[in-house]
Amino acid sequence: LSEAAAEAIGANGLLCRVGSYYHDIGKTKRPSYFIENQSNIENPHDSIDPKLSKSIIIAHARDGVEMLKNHNIPKPIRDIAEQHHGTTFLQYFYHKAWKQAEAAGEETDFTEDDFRYPGPKAQSKEAAIVGIADCIEAAVRSLRSPTMEQVESMINKIIKNRLDDGQFNECDLTLKELDQIAQTLKESVIGIFHSRIEYPEDSKPKERLA
């Protein structure tokens, strides 16, 4: 996903591909706390404080950088591991903490900023693209039988939310490039997940004869 998006705007597609291979390596320190590894186990976040959950989740970016550094992986790849979440907001755990405080009749002693990744924000187009592709891939997998309209809307929403949140303020991405990235990601997602995407009858991909 990220390689195709990068090449569409003249960025370094190979760096995006390799950066994608390593961007979540920090999750291997505590694999059971990440949803992609919970298919046959209970979610440990159900039984711990949401502030602790937040700390465990955001630590994977920092842990990944340390692991990559220890193995002499080049800095551009380490930067992607560190920056692909930028300073994005862990909305789920914030709302869980807020609801728990409300149910207990307690004043909240935290803000939205306490539930954000520490950053830095993406410093390169490649780091920003991997972050977008990472979010989109996870979102598509969460949909049971996505339609083309849902996929397109979801991609546009994810990019717009990051743009509105200032996540691209420190890299050189333009609005035109973000539009190109969105279009390329849509085509790539449809190509990768075509067996799960529901098509209108008149727009189904044609069967290949050979």
# chains A, B, ... in the order shown; residues from 1 in each chain; ligands from 1

call {"tool": "closest_atom_pairs", "arguments": {"of": "segment 75-157 of chain A", "to": "segment 190-194 of chain A", "cutoff": "9 Å", "atoms": "only C-alpha atoms", "output": "tab-separated table"}}
result
residue	atom	partner	partner_atom	distance
A:Val140	CA	A:Phe193	CA	8.4
A:Arg141	CA	A:Phe193	CA	8.8
A:Met148	CA	A:Ile190	CA	7.7
A:Val151	CA	A:Ile190	CA	8.2

call {"tool": "closest_atom_pairs", "arguments": {"of": "segment 33-139 of chain A", "to": "segment 162-175 of chain A", "cutoff": "6 Å", "atoms": "only C-alpha atoms", "output": "CSV"}}
result
residue,atom,partner,partner_atom,distance
A:Lys121,CA,A:Gln167,CA,5.8
A:Gln123,CA,A:Cys171,CA,4.8
A:Ser124,CA,A:Cys171,CA,5.0
A:Lys125,CA,A:Cys171,CA,5.9

call {"tool": "atom_distance", "arguments": {"atom1": "atom CA of Leu52 of chain A", "atom2": "atom CA of Thr87 of chain A"}}
result
17.7 Å

call {"tool": "select_by_dssp", "arguments": {"residues": "segment 22-156 of chain A", "states": "alpha helix (DSSP H)", "output": "tab-separated table (two decimals) with N, CA and C atoms, in the first residue's frame"}}
result
chain	number	residue	atom	x	y	z
A	22	TYR	N	9.25	-2.99	9.05
A	22	TYR	CA	9.81	-2.84	10.39
A	22	TYR	C	9.05	-1.89	11.30
A	50	PRO	N	-7.17	1.97	31.71
A	50	PRO	CA	-6.95	2.52	30.36
A	50	PRO	C	-5.69	3.38	30.25
A	51	LYS	N	-5.27	3.99	31.34
A	51	LYS	CA	-4.02	4.77	31.29
A	51	LYS	C	-2.82	3.85	31.10
A	52	LEU	N	-2.86	2.67	31.73
A	52	LEU	CA	-1.80	1.68	31.53
A	52	LEU	C	-1.85	1.14	30.10
A	53	SER	N	-3.07	0.90	29.62
A	53	SER	CA	-3.24	0.45	28.22
A	53	SER	C	-2.59	1.45	27.27
A	54	LYS	N	-2.87	2.72	27.50
A	54	LYS	CA	-2.29	3.77	26.66
A	54	LYS	C	-0.77	3.72	26.67
A	55	SER	N	-0.20	3.57	27.85
A	55	SER	CA	1.25	3.54	27.98
A	55	SER	C	1.86	2.36	27.25
A	56	ILE	N	1.19	1.20	27.31
A	56	ILE	CA	1.68	0.01	26.62
A	56	ILE	C	1.60	0.20	25.11
A	57	ILE	N	0.49	0.75	24.64
A	57	ILE	CA	0.29	0.93	23.20
A	57	ILE	C	1.31	1.90	22.62
A	58	ILE	N	1.47	3.06	23.24
A	58	ILE	CA	2.36	4.06	22.66
A	58	ILE	C	3.83	3.65	22.77
A	59	ALA	N	4.14	2.74	23.71
A	59	ALA	CA	5.53	2.32	23.90
A	59	ALA	C	6.08	1.57	22.70
A	60	HIS	N	5.19	1.01	21.86
A	60	HIS	CA	5.73	0.18	20.77
A	60	HIS	C	6.54	0.97	19.76
A	61	ALA	N	6.23	2.25	19.60
A	61	ALA	CA	7.03	3.07	18.67
A	61	ALA	C	8.43	3.29	19.24
A	62	ARG	N	8.51	3.65	20.49
A	62	ARG	CA	9.81	3.86	21.14
A	62	ARG	C	10.61	2.55	21.22
A	63	ASP	N	9.93	1.46	21.60
A	63	ASP	CA	10.60	0.16	21.68
A	63	ASP	C	11.15	-0.25	20.31
A	64	GLY	N	10.36	0.01	19.27
A	64	GLY	CA	10.80	-0.35	17.92
A	64	GLY	C	12.07	0.38	17.53
A	65	VAL	N	12.13	1.67	17.84
A	65	VAL	CA	13.33	2.45	17.51
A	65	VAL	C	14.55	1.87	18.23
A	66	GLU	N	14.39	1.52	19.50
A	66	GLU	CA	15.51	0.97	20.27
A	66	GLU	C	15.97	-0.36	19.69
A	67	MET	N	15.02	-1.21	19.32
A	67	MET	CA	15.37	-2.52	18.75
A	67	MET	C	16.09	-2.36	17.41
A	68	LEU	N	15.59	-1.46	16.58
A	68	LEU	CA	16.21	-1.23	15.27
A	68	LEU	C	17.61	-0.63	15.41
A	69	LYS	N	17.77	0.25	16.38
A	69	LYS	CA	19.07	0.85	16.63
A	69	LYS	C	20.07	-0.21	17.08
A	70	ASN	N	19.64	-1.11	17.96
A	70	ASN	CA	20.51	-2.18	18.46
A	70	ASN	C	20.97	-3.11	17.35
A	75	LYS	N	18.85	4.87	9.87
A	75	LYS	CA	18.00	5.88	10.51
A	75	LYS	C	16.70	6.15	9.76
A	76	PRO	N	16.69	6.23	8.42
A	76	PRO	CA	15.40	6.50	7.75
A	76	PRO	C	14.32	5.46	8.08
A	77	ILE	N	14.72	4.21	8.31
A	77	ILE	CA	13.77	3.16	8.67
A	77	ILE	C	13.36	3.31	10.13
A	78	ARG	N	14.34	3.66	10.98
A	78	ARG	CA	14.01	3.91	12.39
A	78	ARG	C	13.06	5.09	12.52
A	79	ASP	N	13.26	6.10	11.70
A	79	ASP	CA	12.40	7.28	11.75
A	79	ASP	C	10.95	6.92	11.44
A	80	ILE	N	10.74	6.03	10.49
A	80	ILE	CA	9.38	5.62	10.16
A	80	ILE	C	8.74	4.91	11.35
A	81	ALA	N	9.50	4.04	12.01
A	81	ALA	CA	8.98	3.34	13.20
A	81	ALA	C	8.60	4.34	14.29
A	82	GLU	N	9.39	5.39	14.43
A	82	GLU	CA	9.15	6.37	15.49
A	82	GLU	C	8.01	7.33	15.15
A	83	GLN	N	7.86	7.66	13.87
A	83	GLN	CA	6.99	8.76	13.46
A	83	GLN	C	5.66	8.34	12.84
A	91	GLN	N	-8.22	7.55	21.02
A	91	GLN	CA	-9.58	7.94	21.39
A	91	GLN	C	-10.28	6.88	22.24
A	92	TYR	N	-10.13	5.61	21.88
A	92	TYR	CA	-10.82	4.54	22.58
A	92	TYR	C	-10.47	4.52	24.07
A	93	PHE	N	-9.18	4.59	24.38
A	93	PHE	CA	-8.77	4.50	25.79
A	93	PHE	C	-9.07	5.79	26.55
A	94	TYR	N	-9.07	6.92	25.85
A	94	TYR	CA	-9.46	8.18	26.49
A	94	TYR	C	-10.92	8.09	26.94
A	95	HIS	N	-11.80	7.65	26.04
A	95	HIS	CA	-13.22	7.58	26.37
A	95	HIS	C	-13.49	6.52	27.44
A	96	LYS	N	-12.72	5.42	27.40
A	96	LYS	CA	-12.86	4.40	28.43
A	96	LYS	C	-12.50	4.97	29.80
A	97	ALA	N	-11.39	5.73	29.86
A	97	ALA	CA	-10.97	6.35	31.13
A	97	ALA	C	-12.00	7.37	31.60
A	98	TRP	N	-12.54	8.14	30.66
A	98	TRP	CA	-13.53	9.17	31.00
A	98	TRP	C	-14.81	8.52	31.55
A	99	LYS	N	-15.25	7.44	30.91
A	99	LYS	CA	-16.46	6.75	31.38
A	99	LYS	C	-16.25	6.11	32.75
A	100	GLN	N	-15.06	5.57	32.98
A	100	GLN	CA	-14.78	4.97	34.29
A	100	GLN	C	-14.80	6.02	35.39
A	101	ALA	N	-14.21	7.19	35.10
A	101	ALA	CA	-14.20	8.27	36.09
A	101	ALA	C	-15.63	8.75	36.36
A	102	GLU	N	-16.42	8.87	35.31
A	102	GLU	CA	-17.81	9.32	35.44
A	102	GLU	C	-18.62	8.32	36.27
A	103	ALA	N	-18.44	7.03	36.00
A	103	ALA	CA	-19.18	5.99	36.73
A	103	ALA	C	-18.81	5.98	38.21
A	125	LYS	N	7.75	12.62	3.83
A	125	LYS	CA	6.56	12.12	3.13
A	125	LYS	C	6.41	10.62	3.35
A	126	GLU	N	7.54	9.93	3.37
A	126	GLU	CA	7.50	8.48	3.51
A	126	GLU	C	6.93	8.05	4.87
A	127	ALA	N	7.35	8.73	5.94
A	127	ALA	CA	6.83	8.39	7.28
A	127	ALA	C	5.33	8.67	7.35
A	128	ALA	N	4.90	9.77	6.73
A	128	ALA	CA	3.47	10.11	6.72
A	128	ALA	C	2.67	9.07	5.94
A	129	ILE	N	3.21	8.64	4.81
A	129	ILE	CA	2.51	7.67	3.97
A	129	ILE	C	2.38	6.32	4.66
A	130	VAL	N	3.44	5.86	5.31
A	130	VAL	CA	3.36	4.58	6.04
A	130	VAL	C	2.31	4.69	7.15
A	131	GLY	N	2.26	5.83	7.82
A	131	GLY	CA	1.25	6.02	8.87
A	131	GLY	C	-0.16	5.95	8.32
A	132	ILE	N	-0.39	6.57	7.17
A	132	ILE	CA	-1.71	6.54	6.53
A	132	ILE	C	-2.06	5.11	6.12
A	133	ALA	N	-1.13	4.44	5.44
A	133	ALA	CA	-1.37	3.09	4.94
A	133	ALA	C	-1.62	2.11	6.08
A	134	ASP	N	-0.89	2.28	7.16
A	134	ASP	CA	-1.03	1.42	8.34
A	134	ASP	C	-2.45	1.54	8.91
A	135	CYS	N	-2.92	2.75	9.04
A	135	CYS	CA	-4.25	3.01	9.57
A	135	CYS	C	-5.34	2.47	8.64
A	136	ILE	N	-5.16	2.65	7.36
A	136	ILE	CA	-6.15	2.21	6.38
A	136	ILE	C	-6.22	0.69	6.31
A	137	GLU	N	-5.06	0.04	6.35
A	137	GLU	CA	-5.04	-1.43	6.29
A	137	GLU	C	-5.80	-2.02	7.47
A	138	ALA	N	-5.56	-1.46	8.65
A	138	ALA	CA	-6.25	-1.95	9.85
A	138	ALA	C	-7.75	-1.70	9.76
A	139	ALA	N	-8.12	-0.54	9.23
A	139	ALA	CA	-9.54	-0.19	9.14
A	139	ALA	C	-10.27	-1.09	8.15
A	140	VAL	N	-9.63	-1.41	7.02
A	140	VAL	CA	-10.27	-2.29	6.04
A	140	VAL	C	-10.48	-3.68	6.63
A	141	ARG	N	-9.49	-4.17	7.36
A	141	ARG	CA	-9.60	-5.51	7.96
A	141	ARG	C	-10.73	-5.57	8.99
A	142	SER	N	-11.06	-4.42	9.58
A	142	SER	CA	-12.10	-4.41	10.61
A	142	SER	C	-13.51	-4.45	10.01
A	148	MET	N	-17.30	-0.68	-2.07
A	148	MET	CA	-16.34	0.27	-2.65
A	148	MET	C	-16.55	1.66	-2.07
A	149	GLU	N	-17.83	2.02	-1.86
A	149	GLU	CA	-18.14	3.33	-1.30
A	149	GLU	C	-17.59	3.47	0.12
A	150	GLN	N	-17.71	2.40	0.91
A	150	GLN	CA	-17.18	2.43	2.27
A	150	GLN	C	-15.66	2.57	2.27
A	151	VAL	N	-15.02	1.85	1.39
A	151	VAL	CA	-13.55	1.91	1.30
A	151	VAL	C	-13.10	3.32	0.94
A	152	GLU	N	-13.73	3.90	-0.07
A	152	GLU	CA	-13.36	5.25	-0.50
A	152	GLU	C	-13.62	6.27	0.60
A	153	SER	N	-14.77	6.16	1.24
A	153	SER	CA	-15.12	7.10	2.31
A	153	SER	C	-14.16	6.97	3.48
A	154	MET	N	-13.82	5.73	3.82
A	154	MET	CA	-12.92	5.48	4.95
A	154	MET	C	-11.53	6.05	4.69
A	155	ILE	N	-11.01	5.85	3.49
A	155	ILE	CA	-9.68	6.37	3.14
A	155	ILE	C	-9.67	7.89	3.22
A	156	ASN	N	-10.69	8.52	2.64
A	156	ASN	CA	-10.77	9.98	2.67
A	156	ASN	C	-10.89	10.51	4.10

call {"tool": "closest_residue", "arguments": {"among": "A:Ser188, A:Leu1, A:Pro74, A:Phe89", "to": "Gly13 of chain A", "atoms": "only C-alpha atoms"}}
result
A:Leu1

call {"tool": "atom_distance", "arguments": {"atom1": "atom CA of Arg116 of chain A", "atom2": "atom CA of His85 of chain A"}}
result
9.3 Å

call {"tool": "residues_around", "arguments": {"residues": "Phe115 of chain A", "least_positions_apart": "2", "cutoff": "6 Å", "atoms": "only C-alpha atoms", "output": "ChimeraX atom specification"}}
result
/A:89-90,112-113

call {"tool": "write_last_selection", "arguments": {"atoms": "N, CA and C atoms", "output": "PDB file, in the first residue's frame"}}
result
ATOM      1  N   PHE A  89      -4.232  10.553  18.461  1.00  0.00           N
ATOM      2  CA  PHE A  89      -5.027  10.451  19.680  1.00  0.00           C
ATOM      3  C   PHE A  89      -5.564   9.031  19.849  1.00  0.00           C
ATOM      4  N   LEU A  90      -5.339   8.424  21.026  1.00  0.00           N
ATOM      5  CA  LEU A  90      -5.907   7.110  21.331  1.00  0.00           C
ATOM      6  C   LEU A  90      -7.304   7.306  21.911  1.00  0.00           C
ATOM      7  N   GLU A 112      -7.110  15.109  26.768  1.00  0.00           N
ATOM      8  CA  GLU A 112      -6.870  14.385  25.514  1.00  0.00           C
ATOM      9  C   GLU A 112      -5.379  14.276  25.222  1.00  0.00           C
ATOM     10  N   ASP A 113      -4.628  15.307  25.558  1.00  0.00           N
ATOM     11  CA  ASP A 113      -3.188  15.284  25.281  1.00  0.00           C
ATOM     12  C   ASP A 113      -2.476  14.157  26.018  1.00  0.00           C
TER      13      ASP A 113
END

call {"tool": "closest_residue", "arguments": {"among": "A:Leu14, A:Glu177, A:Lys27, A:Tyr33", "to": "Ser47 of chain A", "atoms": "only C-alpha atoms"}}
result
A:Tyr33

call {"tool": "closest_residue", "arguments": {"among": "A:Pro120, A:Pro44, A:Thr108, A:Ile159", "to": "Gln183 of chain A", "atoms": "only C-alpha atoms"}}
result
A:Ile159

call {"tool": "atom_distance", "arguments": {"atom1": "atom CA of Phe34 of chain A", "atom2": "atom CA of Ile158 of chain A"}}
result
20.2 Å

call {"tool": "closest_residue", "arguments": {"among": "A:Asp114, A:Glu36, A:Asp179, A:Glu3", "to": "Cys16 of chain A", "atoms": "only C-alpha atoms"}}
result
A:Glu3
